[in-house]
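Peer 1: Dropping in input.pdb, which is PDB, C-alpha atoms:
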ATOM      1  CA  MET A   1     -25.818 -84.551 -16.863
ATOM      2  CA  LYS A   2     -29.395 -85.027 -18.015
ATOM      3  CA  PRO A   3     -31.486 -87.436 -15.913
ATOM      4  CA  GLU A   4     -32.363 -89.547 -18.975
ATOM      5  CA  ILE A   5     -28.696 -90.187 -19.816
ATOM      6  CA  PHE A   6     -27.891 -91.021 -16.207
ATOM      7  CA  LEU A   7     -30.765 -93.498 -15.999
ATOM      8  CA  MET A   8     -29.747 -95.085 -19.308
ATOM      9  CA  ALA A   9     -26.119 -95.518 -18.126
ATOM     10  CA  ALA A  10     -27.268 -96.943 -14.804
ATOM     11  CA  GLY A  11     -29.574 -99.316 -16.664
ATOM     12  CA  LEU A  12     -26.725-100.535 -18.871
ATOM     13  CA  LEU A  13     -24.576-101.257 -15.867
ATOM     14  CA  GLY A  14     -27.417-103.197 -14.314
ATOM     15  CA  THR A  15     -27.884-105.284 -17.469
ATOM     16  CA  LEU A  16     -24.230-106.144 -17.932
ATOM     17  CA  PRO A  17     -23.580-109.723 -16.995
ATOM     18  CA  SER A  18     -21.611-110.152 -13.795
ATOM     19  CA  CYS A  19     -18.921-112.036 -15.725
ATOM     20  CA  ALA A  20     -18.084-108.794 -17.623
ATOM     21  CA  LEU A  21     -17.470-106.987 -14.348
ATOM     22  CA  ALA A  22     -15.330-109.882 -13.138
ATOM     23  CA  GLN A  23     -13.372-109.845 -16.396
ATOM     24  CA  ALA A  24     -12.700-106.115 -16.026
ATOM     25  CA  ALA A  25     -11.499-106.669 -12.462
ATOM     26  CA  ILE A  26      -9.175-109.460 -13.622
ATOM     27  CA  GLY A  27      -7.813-107.227 -16.398
ATOM     28  CA  TYR A  28      -7.063-104.493 -13.889
ATOM     29  CA  GLY A  29      -5.402-107.006 -11.583
ATOM     30  CA  MET A  30      -3.140-108.193 -14.389
ATOM     31  CA  ALA A  31      -2.125-104.621 -15.216
ATOM     32  CA  ALA A  32      -1.359-103.915 -11.565
ATOM     33  CA  SER A  33       0.616-107.149 -11.198
ATOM     34  CA  ARG A  34       2.714-106.289 -14.288
ATOM     35  CA  SER A  35       3.760-102.957 -12.789
ATOM     36  CA  THR A  36       4.544-104.699  -9.496
ATOM     37  CA  THR A  37       6.646-107.276 -11.342
ATOM     38  CA  MET A  38       8.551-104.545 -13.174
ATOM     39  CA  ALA A  39       9.222-102.670  -9.922
ATOM     40  CA  THR A  40      10.381-105.885  -8.262
ATOM     41  CA  SER A  41      12.703-106.617 -11.204
ATOM     42  CA  ALA A  42      14.244-103.154 -10.960
ATOM     43  CA  GLN A  43      14.709-103.585  -7.220
ATOM     44  CA  ARG A  44      16.429-106.958  -7.734
ATOM     45  CA  LEU A  45      18.732-105.408 -10.318
ATOM     46  CA  TYR A  46      19.712-102.649  -7.886
ATOM     47  CA  GLN A  47      20.228-105.042  -4.982
ATOM     48  CA  GLY A  48      22.053-107.618  -7.074
ATOM     49  CA  ARG A  49      24.385-105.467  -9.144
ATOM     50  CA  MET A  50      24.309-101.794  -8.262
ATOM     51  CA  ARG A  51      24.207-101.739  -4.441
ATOM     52  CA  PRO A  52      27.359-103.867  -3.960
ATOM     53  CA  LEU A  53      29.170-101.741  -6.530
ATOM     54  CA  ALA A  54      28.071 -98.500  -4.855
ATOM     55  CA  SER A  55      29.072 -99.727  -1.402
ATOM     56  CA  ARG A  56      32.490-100.870  -2.677
ATOM     57  CA  MET A  57      33.073 -97.475  -4.263
ATOM     58  CA  GLN A  58      32.274 -95.696  -1.007
ATOM     59  CA  THR A  59      34.296 -97.967   1.268
ATOM     60  CA  ARG A  60      37.336 -98.926  -0.830
ATOM     61  CA  THR A  61      40.357 -96.789  -1.563
ATOM     62  CA  ALA A  62      42.976 -96.910  -4.307
ATOM     63  CA  THR A  63      44.983 -99.375  -2.190
ATOM     64  CA  GLY A  64      42.026-101.770  -2.075
ATOM     65  CA  LYS A  65      41.694-101.444   1.697
ATOM     66  CA  PRO A  66      38.386-100.455   3.277
ATOM     67  CA  LEU A  67      38.145 -96.744   4.000
ATOM     68  CA  PRO A  68      37.807 -97.118   7.801
ATOM     69  CA  VAL A  69      41.078 -99.101   7.892
ATOM     70  CA  VAL A  70      42.901 -96.445   5.862
ATOM     71  CA  MET A  71      41.473 -93.698   8.092
ATOM     72  CA  GLU A  72      42.698 -95.473  11.217
ATOM     73  CA  GLU A  73      46.196 -95.963   9.738
ATOM     74  CA  ASN A  74      46.443 -92.290   8.718
ATOM     75  CA  ARG A  75      45.229 -91.152  12.125
ATOM     76  CA  LYS A  76      47.828 -93.286  13.926
ATOM     77  CA  LYS A  77      50.577 -91.757  11.764
ATOM     78  CA  LEU A  78      49.424 -88.257  12.709
ATOM     79  CA  VAL A  79      49.435 -89.141  16.415
ATOM     80  CA  GLU A  80      52.955 -90.583  16.140
ATOM     81  CA  GLU A  81      54.235 -87.505  14.289
ATOM     82  CA  SER A  82      52.732 -85.128  16.827
ATOM     83  CA  ALA A  83      53.703 -86.971  20.013
ATOM     84  CA  GLN A  84      56.170 -84.289  21.229
ATOM     85  CA  THR A  85      55.052 -81.033  19.637
ATOM     86  CA  GLY A  86      51.461 -81.615  18.561
ATOM     87  CA  GLY A  87      48.276 -79.722  19.153
ATOM     88  CA  LYS A  88      44.618 -80.702  19.301
ATOM     89  CA  VAL A  89      42.123 -79.789  16.580
ATOM     90  CA  ARG A  90      38.386 -80.315  17.013
ATOM     91  CA  VAL A  91      36.553 -80.593  13.686
ATOM     92  CA  GLU A  92      32.767 -80.305  13.413
ATOM     93  CA  SER A  93      30.433 -79.876  10.476
ATOM     94  CA  VAL A  94      26.831 -79.104   9.662
ATOM     95  CA  PRO A  95      25.604 -81.644   8.682
ATOM     96  CA  ALA A  96      27.643 -84.134  10.690
ATOM     97  CA  LYS A  97      29.309 -87.286   9.317
ATOM     98  CA  ALA A  98      31.450 -85.518   6.726
ATOM     99  CA  ALA A  99      34.731 -87.217   5.813
ATOM    100  CA  VAL A 100      37.765 -85.346   7.165
ATOM    101  CA  ALA A 101      41.061 -85.328   5.262
ATOM    102  CA  VAL A 102      44.226 -83.772   6.665
ATOM    103  CA  ASP A 103      46.800 -82.829   4.027
ATOM    104  CA  GLY A 104      44.957 -84.996   1.500
ATOM    105  CA  ASN A 105      44.754 -88.140   3.674
ATOM    106  CA  PRO A 106      41.382 -89.318   5.040
ATOM    107  CA  VAL A 107      41.457 -89.590   8.839
ATOM    108  CA  ALA A 108      37.914 -89.529  10.345
ATOM    109  CA  TYR A 109      34.297 -88.436  10.153
ATOM    110  CA  THR A 110      32.938 -85.355  11.896
ATOM    111  CA  PRO A 111      32.645 -84.602  14.734
ATOM    112  CA  THR A 112      36.177 -85.602  15.705
ATOM    113  CA  GLU A 113      39.175 -84.493  17.696
ATOM    114  CA  LEU A 114      42.580 -84.886  16.056
ATOM    115  CA  THR A 115      46.127 -84.566  17.290
ATOM    116  CA  LEU A 116      48.228 -82.903  14.575
ATOM    117  CA  PRO A 117      51.919 -82.064  14.341
ATOM    118  CA  ARG A 118      52.941 -78.436  14.737
ATOM    119  CA  GLY A 119      52.774 -76.394  11.533
ATOM    120  CA  LYS A 120      50.347 -75.642   8.713
ATOM    121  CA  HIS A 121      47.803 -78.228   7.610
ATOM    122  CA  GLU A 122      44.975 -78.309   5.107
ATOM    123  CA  ILE A 123      41.724 -79.753   6.419
ATOM    124  CA  ALA A 124      39.175 -80.796   3.809
ATOM    125  CA  LEU A 125      35.629 -81.999   4.457
ATOM    126  CA  THR A 126      33.535 -83.931   1.955
ATOM    127  CA  ARG A 127      30.095 -85.460   2.079
ATOM    128  CA  PRO A 128      27.888 -86.823  -0.726
ATOM    129  CA  ASP A 129      25.396 -84.265  -2.098
ATOM    130  CA  TYR A 130      27.293 -81.377  -0.449
ATOM    131  CA  LEU A 131      29.976 -79.034  -1.721
ATOM    132  CA  PRO A 132      33.530 -79.791  -0.549
ATOM    133  CA  TRP A 133      34.976 -77.508   2.119
ATOM    134  CA  ARG A 134      38.651 -76.653   2.799
ATOM    135  CA  ILE A 135      40.627 -74.556   5.243
ATOM    136  CA  GLU A 136      44.298 -74.120   6.037
ATOM    137  CA  ILE A 137      45.126 -73.916   9.733
ATOM    138  CA  SER A 138      48.252 -73.440  11.777
ATOM    139  CA  VAL A 139      48.755 -75.774  14.726
ATOM    140  CA  ASN A 140      50.898 -74.735  17.686
ATOM    141  CA  SER A 141      52.348 -76.973  20.400
ATOM    142  CA  MET A 142      49.956 -77.912  23.186
ATOM    143  CA  GLU A 143      47.183 -75.615  21.914
ATOM    144  CA  SER A 144      43.631 -76.498  20.965
ATOM    145  CA  THR A 145      41.934 -75.251  17.816
ATOM    146  CA  GLU A 146      38.305 -75.621  16.838
ATOM    147  CA  VAL A 147      37.097 -75.803  13.236
ATOM    148  CA  THR A 148      33.398 -75.712  12.354
ATOM    149  CA  ALA A 149      32.258 -76.031   8.752
ATOM    150  CA  GLU A 150      28.825 -75.429   7.314
ATOM    151  CA  LEU A 151      28.633 -77.449   4.119
ATOM    152  CA  GLY A 152      26.577 -76.040   1.258
ATOM    153  CA  THR A 153      24.166 -78.290  -0.584
ATOM    154  CA  LEU A 154      25.217 -79.385  -4.022
ATOM    155  CA  TYR A 155      21.708 -79.543  -5.439
ATOM    156  CA  LYS A 156      19.380 -76.700  -4.608
ATOM    157  CA  SER A 157      15.757 -77.177  -5.485
ATOM    158  CA  SER A 158      12.441 -76.075  -4.152
ATOM    159  CA  ILE A 159       8.829 -76.783  -4.839
ATOM    160  CA  THR A 160       6.197 -74.093  -4.509
ATOM    161  CA  LEU A 161       2.673 -75.373  -4.172
ATOM    162  CA  PRO A 162      -0.307 -73.155  -4.893
ATOM    163  CA  LYS A 163      -2.515 -72.244  -1.955
ATOM    164  CA  PHE A 164      -6.101 -73.369  -2.160
TER
END
What do you get writing this file as structure tokens?

Peer 2:
Amino acid sequence: MKPEIFLMAAGLLGTLPSCALAQAAIGYGMAASRSTTMATSAQRLYQGRMRPLASRMQTRTATGKPLPVVMEENRKKLVEESAQTGGKVRVESVPAKAAVAVDGNPVAYTPTELTLPRGKHEIALTRPDYLPWRIEISVNSMESTEVTAELGTLYKSSITLPKF
């Protein structure tokens, strides 16, 4: 930039009345407050309408009961069925906290130890943002089985930044 132009621009800024600078600052403040208001409105909409709906979808089943209640009921049935001839099955997953379903019925979250009746069973693991995982196992009387699942991510993305 030429020194004459720089001096002329600096001179203009010095001659502007201070009220013009204040007005520009107020204008910027109003623009910033509008974006804050819009963000707050969107947050209220999510908290007011969407979050309760999302939490109900995750915790309610087709019977209308909360998911933890249904899991506990299903688990008790499995324990009753396997009282005489059951075996233990330890289920783990990477990442943890995947929902475990035995023969299509939700029973727990990983890691967990289940008592299952003797015979073949399908164990399915699900977790949001991960691919579902299934295996069929055979349970024998008084034996322990260990199942470890590594869940694949549903969305694979990566960002490569240039080196400076």

Peer 1: Please determine, counting only C-alpha atoms, which residue among A:Val91, A:Asp129, A:Lys97, A:Val79 has the shortest atom-to-atom distance to Thr115 of chain A.

Peer 2: A:Val79

Peer 1: Find the spatial neighbours of Glu146 of chain A, counting all atoms listed in the file, within a cut-off of 9 Å - ignore same-chain residues fewer than 4 positions away - and output them as a ChimeraX atom specification.

Peer 2: /A:88-92,113

Peer 1: Run the PyMOL selection byres ((chain A and resi 130) around 7) mentally over the shown coordinates, then write out the matched residues as a PDB file with C-alpha atoms, in the frame of the given file, using the chain letters and numbers from the document.

Peer 2:
ATOM      1  CA  ARG A 127      30.095 -85.460   2.079  1.00  0.00           C
ATOM      2  CA  PRO A 128      27.888 -86.823  -0.726  1.00  0.00           C
ATOM      3  CA  ASP A 129      25.396 -84.265  -2.098  1.00  0.00           C
ATOM      4  CA  LEU A 131      29.976 -79.034  -1.721  1.00  0.00           C
ATOM      5  CA  PRO A 132      33.530 -79.791  -0.549  1.00  0.00           C
ATOM      6  CA  LEU A 151      28.633 -77.449   4.119  1.00  0.00           C
ATOM      7  CA  GLY A 152      26.577 -76.040   1.258  1.00  0.00           C
ATOM      8  CA  THR A 153      24.166 -78.290  -0.584  1.00  0.00           C
ATOM      9  CA  LEU A 154      25.217 -79.385  -4.022  1.00  0.00           C
TER      10      LEU A 154
END

Peer 1: Could you tell me how far atom CA of Ala101 of chain A sits from atom CA of Pro68 of chain A, in Å to one decimal place?

Peer 2: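 We find that atom CA of Pro68 of chain A and atom CA of Ala101 of chain A lie 12.5 Å from each other.
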
Peer 1: Could you check how far atom CA of Ala96 of chain A sits from atom CA of Thr160 of chain A, in Å to one decimal?

Peer 2: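 Between these atoms lies a distance of 28.1 Å.
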
Peer 1: Using Å and a single decimal, report how far atom CA of Glu150 of chain A sits from atom CA of Glu81 of chain A.

Peer 2: 29.0 Å

Peer 1: Can you tell me which residues surround Ile123 of chain A at a distance of at most 7 Å, considering all atoms listed in the file, apart from same-chain residues fewer than 5 positions away, and format the answer as a list of chain:residue names?

Peer 2: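 Neighbouring residues, sequence-local ones excluded: A:Val100, A:Ala101, A:Val102, A:Asp103, A:Arg134, A:Ile135, A:Glu136.
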
Peer 1: Skipping near chain neighbours, those fewer than 4 positions away, what residues fall within 12 Å of Pro106 of chain A using all atoms listed in the file, listed as a list in words?

Peer 2: Thr59, Arg60, Thr61, Pro66, Leu67, Pro68, Val69, Val70, Met71, Glu72, Glu73, Asn74, Arg75, Lys76, Lys77, Leu78, Ala98, Ala99, Val100, Ala101, Val102, Thr110, Leu114, Glu122, Ile123, Ala124, Leu125 and Thr126 of chain A

Peer 1: In terms of the shortest atom-to-atom distance over only C-alpha atoms, which of A:Gly104, A:Leu161, A:Ser93, A:Arg118 is closest to Val147 of chain A?

Peer 2: A:Ser93
